>>> print(open('run20.txt').read())   # compact mmCIF, C-alpha atoms
# COMPACT_ATOMS: atom_id res chain seq x y z
CA MET J 1 128.51 -58.89 -96.29
CA ALA J 2 125.78 -61.00 -97.93
CA ALA J 3 128.36 -63.47 -99.22
CA ARG J 4 129.82 -63.92 -95.73
CA HIS J 5 126.36 -64.53 -94.27
CA GLY J 6 125.58 -67.15 -96.93
CA LEU J 7 128.93 -68.88 -96.35
CA ARG J 8 128.32 -68.99 -92.60
CA VAL J 9 124.86 -70.53 -93.05
CA ASP J 10 126.19 -73.12 -95.49
CA ALA J 11 129.00 -74.07 -93.07
CA VAL J 12 126.48 -74.55 -90.24
CA LEU J 13 124.30 -76.77 -92.43
CA VAL J 14 127.28 -78.87 -93.51
CA GLN J 15 128.36 -79.25 -89.89
CA ALA J 16 124.85 -80.29 -88.90
CA VAL J 17 124.68 -82.89 -91.68
CA ILE J 18 128.06 -84.36 -90.73
CA ALA J 19 127.20 -84.51 -87.01
CA GLY J 20 123.80 -86.06 -87.75
CA ALA J 21 125.29 -88.68 -90.04
CA LEU J 22 127.92 -89.68 -87.46
CA SER J 23 125.34 -89.92 -84.67
CA PHE J 24 123.04 -91.90 -86.97
CA ALA J 25 125.83 -94.36 -87.79
CA HIS J 26 126.81 -94.78 -84.14
CA LEU J 27 123.24 -95.61 -83.13
CA HIS J 28 123.03 -98.12 -86.00
CA ASP J 29 126.28 -99.79 -84.99
CA LEU J 30 125.20 -100.01 -81.35
CA ALA J 31 121.82 -101.54 -82.22
CA SER J 32 123.48 -103.98 -84.61
CA ALA J 33 125.97 -105.03 -81.92
CA ALA J 34 123.07 -105.64 -79.50
CA GLY J 35 121.49 -108.15 -81.87
CA GLN J 36 119.18 -105.93 -83.95
CA ASN J 37 119.98 -106.89 -87.52
CA GLY J 38 118.72 -105.69 -90.90
CA TRP J 39 116.17 -102.89 -91.07
CA LYS J 40 115.72 -102.93 -87.29
CA ALA J 41 119.24 -101.59 -86.75
CA TRP J 42 118.46 -98.65 -89.06
CA ALA J 43 115.13 -97.97 -87.35
CA TYR J 44 116.76 -97.23 -83.98
CA PRO J 45 118.59 -94.01 -85.00
CA VAL J 46 115.45 -92.82 -86.80
CA SER J 47 113.40 -93.37 -83.64
CA VAL J 48 115.90 -91.52 -81.42
CA ASP J 49 116.23 -88.55 -83.76
CA LEU J 50 112.47 -88.25 -84.31
CA LEU J 51 111.80 -88.23 -80.56
CA MET J 52 114.41 -85.51 -80.06
CA VAL J 53 112.96 -83.41 -82.90
CA ALA J 54 109.39 -83.83 -81.57
CA ALA J 55 110.40 -82.73 -78.07
CA TRP J 56 112.36 -79.74 -79.41
CA ARG J 57 109.46 -78.68 -81.63
CA ARG J 58 107.14 -78.84 -78.63
CA LEU J 59 109.51 -76.60 -76.68
CA ARG J 60 109.77 -74.09 -79.53
CA SER J 61 106.04 -73.94 -80.30
CA GLU J 62 104.42 -74.07 -76.82
CA GLY J 63 107.18 -72.79 -74.54
CA PRO J 64 108.95 -74.52 -71.64
CA SER J 65 107.31 -77.76 -70.54
CA ARG J 66 108.48 -80.40 -68.11
CA LEU J 67 107.09 -83.14 -70.36
CA ALA J 68 108.95 -81.89 -73.44
CA TRP J 69 112.19 -81.32 -71.52
CA CYS J 70 112.00 -84.83 -70.03
CA TRP J 71 111.75 -86.58 -73.40
CA PHE J 72 114.30 -84.27 -75.00
CA VAL J 73 116.82 -85.26 -72.32
CA VAL J 74 115.94 -88.97 -72.77
CA ALA J 75 116.55 -88.82 -76.53
CA LEU J 76 119.71 -86.75 -76.07
CA PHE J 77 121.04 -89.26 -73.54
CA ALA J 78 120.34 -92.15 -75.95
CA SER J 79 122.15 -90.40 -78.81
CA LEU J 80 125.07 -89.26 -76.68
CA GLY J 81 125.36 -92.69 -75.04
CA ALA J 82 125.59 -94.39 -78.42
CA ASN J 83 128.32 -91.99 -79.56
CA VAL J 84 130.35 -92.65 -76.42
CA ALA J 85 129.75 -96.42 -76.40
CA THR J 86 131.03 -96.86 -79.95
CA ALA J 87 134.24 -94.95 -79.18
CA GLY J 88 135.92 -98.02 -77.67
CA PHE J 89 134.46 -97.92 -74.15
CA LEU J 90 132.40 -101.06 -74.82
CA ASP J 91 133.32 -104.29 -76.56
CA LEU J 92 130.77 -104.32 -79.38
CA ALA J 93 131.74 -107.89 -80.23
CA ASP J 94 130.42 -108.96 -76.81
CA PRO J 95 128.06 -106.20 -75.53
CA PRO J 96 126.96 -106.36 -71.89
CA ALA J 97 123.50 -107.57 -70.94
CA LEU J 98 122.49 -104.11 -69.71
CA LEU J 99 123.08 -102.67 -73.18
CA ARG J 100 121.01 -105.42 -74.78
CA LEU J 101 118.23 -104.69 -72.28
CA GLY J 102 118.26 -100.97 -73.07
CA ILE J 103 118.22 -101.53 -76.83
CA ALA J 104 115.35 -104.04 -76.54
CA GLY J 105 113.25 -101.69 -74.37
CA TRP J 106 113.84 -98.53 -76.41
CA PRO J 107 110.92 -99.03 -78.90
CA ALA J 108 108.34 -99.10 -76.09
CA LEU J 109 109.94 -96.09 -74.39
CA ALA J 110 110.05 -94.08 -77.64
CA PHE J 111 106.43 -94.97 -78.43
CA LEU J 112 105.34 -93.75 -75.00
CA GLY J 113 107.25 -90.48 -75.37
CA GLY J 114 105.93 -89.79 -78.86
CA THR J 115 102.34 -90.51 -77.79
CA LEU J 116 102.54 -88.19 -74.79
CA LEU J 117 104.09 -85.39 -76.86
CA ALA J 118 101.46 -85.72 -79.61
CA HIS J 119 98.32 -86.08 -77.47
CA SER J 120 98.89 -83.72 -74.55
CA SER J 121 98.46 -79.96 -74.64
CA ALA J 122 100.13 -77.22 -72.67
CA ALA J 123 96.84 -76.25 -71.05
CA GLU J 124 96.52 -79.70 -69.49
CA SER J 125 100.12 -79.95 -68.32
CA GLU J 126 100.37 -76.49 -66.79
CA PRO J 127 98.37 -75.52 -63.67
CA VAL J 128 95.58 -72.97 -64.04
CA PRO J 129 96.82 -69.56 -62.78
CA PRO J 130 94.94 -68.22 -59.74
CA ALA J 131 92.40 -65.49 -60.31
CA PRO J 132 93.69 -61.97 -59.56
CA VAL J 133 92.28 -60.53 -56.35
CA ALA J 134 93.95 -57.10 -56.25
CA ASP J 135 91.17 -55.34 -58.14
CA THR J 136 88.28 -57.25 -56.58
CA ALA J 137 88.66 -56.13 -52.97
CA ASP J 138 85.55 -53.99 -53.17
CA ALA J 139 83.57 -56.84 -54.73
CA THR J 140 84.08 -59.35 -51.92
CA ALA J 141 81.27 -57.94 -49.78
CA PRO J 142 77.91 -59.61 -50.46
CA ALA J 143 75.67 -57.50 -52.65
CA GLU J 144 72.32 -56.47 -51.22
CA GLN J 145 69.23 -57.50 -53.09
CA PRO J 146 67.27 -54.43 -54.26
CA VAL J 147 63.95 -54.01 -52.49
CA PRO J 148 60.99 -52.38 -54.24
CA ASP J 149 60.28 -48.81 -53.17
CA ALA J 150 56.77 -49.65 -51.97
CA GLU J 151 57.94 -52.44 -49.65
CA ARG J 152 60.83 -50.32 -48.36
CA ALA J 153 58.51 -47.44 -47.58
CA SER J 154 55.99 -49.66 -45.74
CA ALA J 155 58.72 -51.42 -43.79
CA THR J 156 60.59 -48.30 -42.71
CA GLU J 157 57.63 -45.99 -42.11
CA PRO J 158 57.18 -45.57 -38.31
CA VAL J 159 53.75 -45.94 -36.72
CA PRO J 160 52.56 -42.52 -35.46
CA GLU J 161 51.85 -42.27 -31.76
CA PRO J 162 48.52 -40.85 -30.59
CA GLY J 163 48.62 -37.06 -30.44
CA ARG J 164 51.89 -36.88 -32.35
CA ALA J 165 52.31 -35.87 -35.96
CA PRO J 166 53.81 -38.56 -38.16
CA ALA J 167 57.46 -38.03 -39.02
CA SER J 168 58.39 -37.39 -42.61
CA PRO J 169 59.67 -40.52 -44.34
CA ALA J 170 63.42 -40.80 -44.77
CA PRO J 171 64.68 -40.58 -48.34
CA ALA J 172 65.11 -43.96 -49.96
CA SER J 173 68.70 -45.03 -50.52
CA SER J 174 69.84 -46.00 -53.97
CA PRO J 175 70.29 -49.76 -54.63
CA THR J 176 73.78 -51.19 -54.31
CA PRO J 177 75.41 -51.44 -57.76
CA ALA J 178 76.49 -54.82 -59.11
CA PRO J 179 80.12 -55.77 -58.43
CA SER J 180 82.60 -54.64 -61.03
CA VAL J 181 84.63 -57.40 -62.68
CA PRO J 182 88.18 -56.65 -63.93
CA ALA J 183 88.80 -57.25 -67.60
CA VAL J 184 91.72 -59.60 -66.87
CA LEU J 185 89.44 -61.79 -64.75
CA ILE J 186 86.83 -61.89 -67.54
CA ASP J 187 89.50 -62.91 -70.08
CA HIS J 188 90.74 -65.68 -67.81
CA ALA J 189 87.17 -66.87 -67.19
CA ARG J 190 86.51 -66.92 -70.93
CA LYS J 191 89.57 -69.15 -71.47
CA VAL J 192 88.36 -71.52 -68.73
CA ALA J 193 84.88 -71.61 -70.30
CA ASP J 194 86.27 -72.30 -73.79
CA GLU J 195 88.48 -75.10 -72.47
CA TYR J 196 85.47 -76.63 -70.66
CA ARG J 197 83.31 -76.41 -73.79
CA THR J 198 86.03 -78.02 -75.91
CA ARG J 199 86.49 -80.86 -73.42
CA THR J 200 82.84 -81.58 -72.57
CA GLY J 201 80.89 -80.15 -75.52
CA SER J 202 78.57 -78.11 -73.27
CA PRO J 203 78.77 -74.59 -71.83
CA ILE J 204 80.24 -74.22 -68.36
CA ASP J 205 77.79 -73.71 -65.48
CA THR J 206 78.12 -71.10 -62.76
CA ASP J 207 79.10 -73.53 -59.97
CA THR J 208 81.90 -75.06 -62.05
CA LEU J 209 83.10 -71.59 -63.08
CA ARG J 210 83.13 -70.47 -59.45
CA SER J 211 85.14 -73.53 -58.33
CA ARG J 212 87.64 -73.13 -61.20
CA LEU J 213 88.22 -69.43 -60.51
CA GLY J 214 87.97 -69.57 -56.71
CA VAL J 215 85.69 -66.53 -56.42
CA PRO J 216 82.55 -65.85 -54.31
CA PRO J 217 79.13 -66.88 -55.72
CA HIS J 218 77.96 -63.31 -56.44
CA LEU J 219 81.18 -62.55 -58.33
CA ALA J 220 80.82 -65.80 -60.30
CA ASP J 221 77.29 -64.75 -61.31
CA ALA J 222 78.62 -61.39 -62.51
CA ILE J 223 81.38 -63.09 -64.53
CA ALA J 224 78.86 -65.55 -66.04
CA ALA J 225 76.71 -62.61 -67.13
CA HIS J 226 79.68 -61.17 -69.06
CA LEU J 227 80.33 -64.54 -70.75
CA THR J 228 76.79 -64.96 -72.08
>>> encode(input="run20.txt", output="structure tokens")
Amino acid sequence: MAARHGLRVDAVLVQAVIAGALSFAHLHDLASAAGQNGWKAWAYPVSVDLLMVAAWRRLRSEGPSRLAWCWFVVALFASLGANVATAGFLDLADPPALLRLGIAGWPALAFLGGTLLAHSSAAESEPVPPAPVADTADATAPAEQPVPDAERASATEPVPEPGRAPASPAPASSPTPAPSVPAVLIDHARKVADEYRTRTGSPIDTDTLRSRLGVPPHLADAIAAHLT
């Protein structure tokens, strides 16, 4: 069983080497026919293959991304187009002007794709998920500010009428507890705060945190207290 597995892996590698060499040669021949002589004709297949590998590595490491898929399709189209063009569909002795234009503009296009793939992150390209609101229904009501017992007693104590015994004071109600914050919302807020610190170099303030999460001010204060 082990011998069969090793034979299958070796056959796949040999097939990959043969297919890569043929595609490499077709890209070289197409660039050479379009007027790119010497080392420049060999640089074109290297550029196409490197762009395809960079886009595929981005897809494997960071998951699906429209940016990575776009440049993977561009590189795949360039490689596949060269393979088809060198199969007799075009006269390589007298290539059309459109082919010369595409070959001449490829270096700038490949440089743009490689730069975008290398200097953009998945956090910037993907939208920030909305904050969950299922567990925060009870926390949407504004919290009451606690009032000292002495002020509450003086404010609620009725003035006794003449000839009438003063009524016994009503028992003081307990202060409203602070809103509870779900753990998933705190984790998401911590990611937003870390991304803001990495980008700006300073800790995120409460107003910015509230606008990023889309939560009420009192809930943003409670989340900021958990982040400190």
>>> closest_residue(input="run20.txt", among="J:Leu213, J:Ala193, J:Leu22, J:Leu185", to="J:Val84", atoms="all atoms listed in the file")
J:Leu22
>>> closest_residue(input="run20.txt", among="J:Phe89, J:Tyr196, J:Phe24, J:Phe111", to="J:Val46", atoms="all atoms listed in the file")
J:Phe24
>>> atom_distance(input="run20.txt", atom1="atom CA of J:Cys70", atom2="atom CA of J:Ala82")
18.6 Å
>>> atom_distance(input="run20.txt", atom1="atom CA of J:Leu90", atom2="atom CA of J:Gly20")
21.6 Å
>>> residues_near_point(input="run20.txt", point="(127.4, -87.4, -84.9)", cutoff="12 Å", atoms="all atoms listed in the file", output="MDAnalysis selection string")
chainID J and resid 15:28 45 49 76 79:84 86:87
>>> atom_distance(input="run20.txt", atom1="atom CA of J:His218", atom2="atom CA of J:Arg199")
25.9 Å
>>> residues_around(input="run20.txt", residues="J:Ile204", least_positions_apart="4", cutoff="9 Å", atoms="only C-alpha atoms", output="MDAnalysis selection string")
chainID J and resid 192:194 196:197 200 208:209
>>> residues_near_point(input="run20.txt", point="(110.1, -78.7, -79.7)", cutoff="12 Å", atoms="all atoms listed in the file", output="PyMOL selection string")
chain J and resi 50-73+114+117-118
>>> closest_residue(input="run20.txt", among="J:Val215, J:Leu30, J:Ala220, J:Leu227", to="J:Pro96", atoms="only C-alpha atoms")
J:Leu30
>>> residues_around(input="run20.txt", residues="J:Ala104", least_positions_apart="2", cutoff="12 Å", atoms="all atoms listed in the file", output="mmCIF file with C-alpha atoms, in the frame of the given file")
data_model
loop_
_atom_site.group_PDB
_atom_site.id
_atom_site.type_symbol
_atom_site.label_atom_id
_atom_site.label_comp_id
_atom_site.auth_asym_id
_atom_site.auth_seq_id
_atom_site.Cartn_x
_atom_site.Cartn_y
_atom_site.Cartn_z
ATOM 1 C CA LEU J 30 125.200 -100.010 -81.350
ATOM 2 C CA ALA J 31 121.820 -101.540 -82.220
ATOM 3 C CA SER J 32 123.480 -103.980 -84.610
ATOM 4 C CA ALA J 33 125.970 -105.030 -81.920
ATOM 5 C CA ALA J 34 123.070 -105.640 -79.500
ATOM 6 C CA GLY J 35 121.490 -108.150 -81.870
ATOM 7 C CA GLN J 36 119.180 -105.930 -83.950
ATOM 8 C CA LYS J 40 115.720 -102.930 -87.290
ATOM 9 C CA ALA J 41 119.240 -101.590 -86.750
ATOM 10 C CA TYR J 44 116.760 -97.230 -83.980
ATOM 11 C CA ALA J 97 123.500 -107.570 -70.940
ATOM 12 C CA LEU J 98 122.490 -104.110 -69.710
ATOM 13 C CA LEU J 99 123.080 -102.670 -73.180
ATOM 14 C CA ARG J 100 121.010 -105.420 -74.780
ATOM 15 C CA LEU J 101 118.230 -104.690 -72.280
ATOM 16 C CA GLY J 102 118.260 -100.970 -73.070
ATOM 17 C CA TRP J 106 113.840 -98.530 -76.410
ATOM 18 C CA PRO J 107 110.920 -99.030 -78.900
ATOM 19 C CA ALA J 108 108.340 -99.100 -76.090
ATOM 20 C CA LEU J 109 109.940 -96.090 -74.390
ATOM 21 C CA ALA J 110 110.050 -94.080 -77.640
#
>>> closest_residue(input="run20.txt", among="J:Ser180, J:Arg212, J:Glu195, J:Val14", to="J:His226", atoms="all atoms listed in the file")
J:Ser180
>>> closest_residue(input="run20.txt", among="J:Gly113, J:Gly38, J:Pro182, J:Pro203", to="J:Ala222", atoms="all atoms listed in the file")
J:Pro182
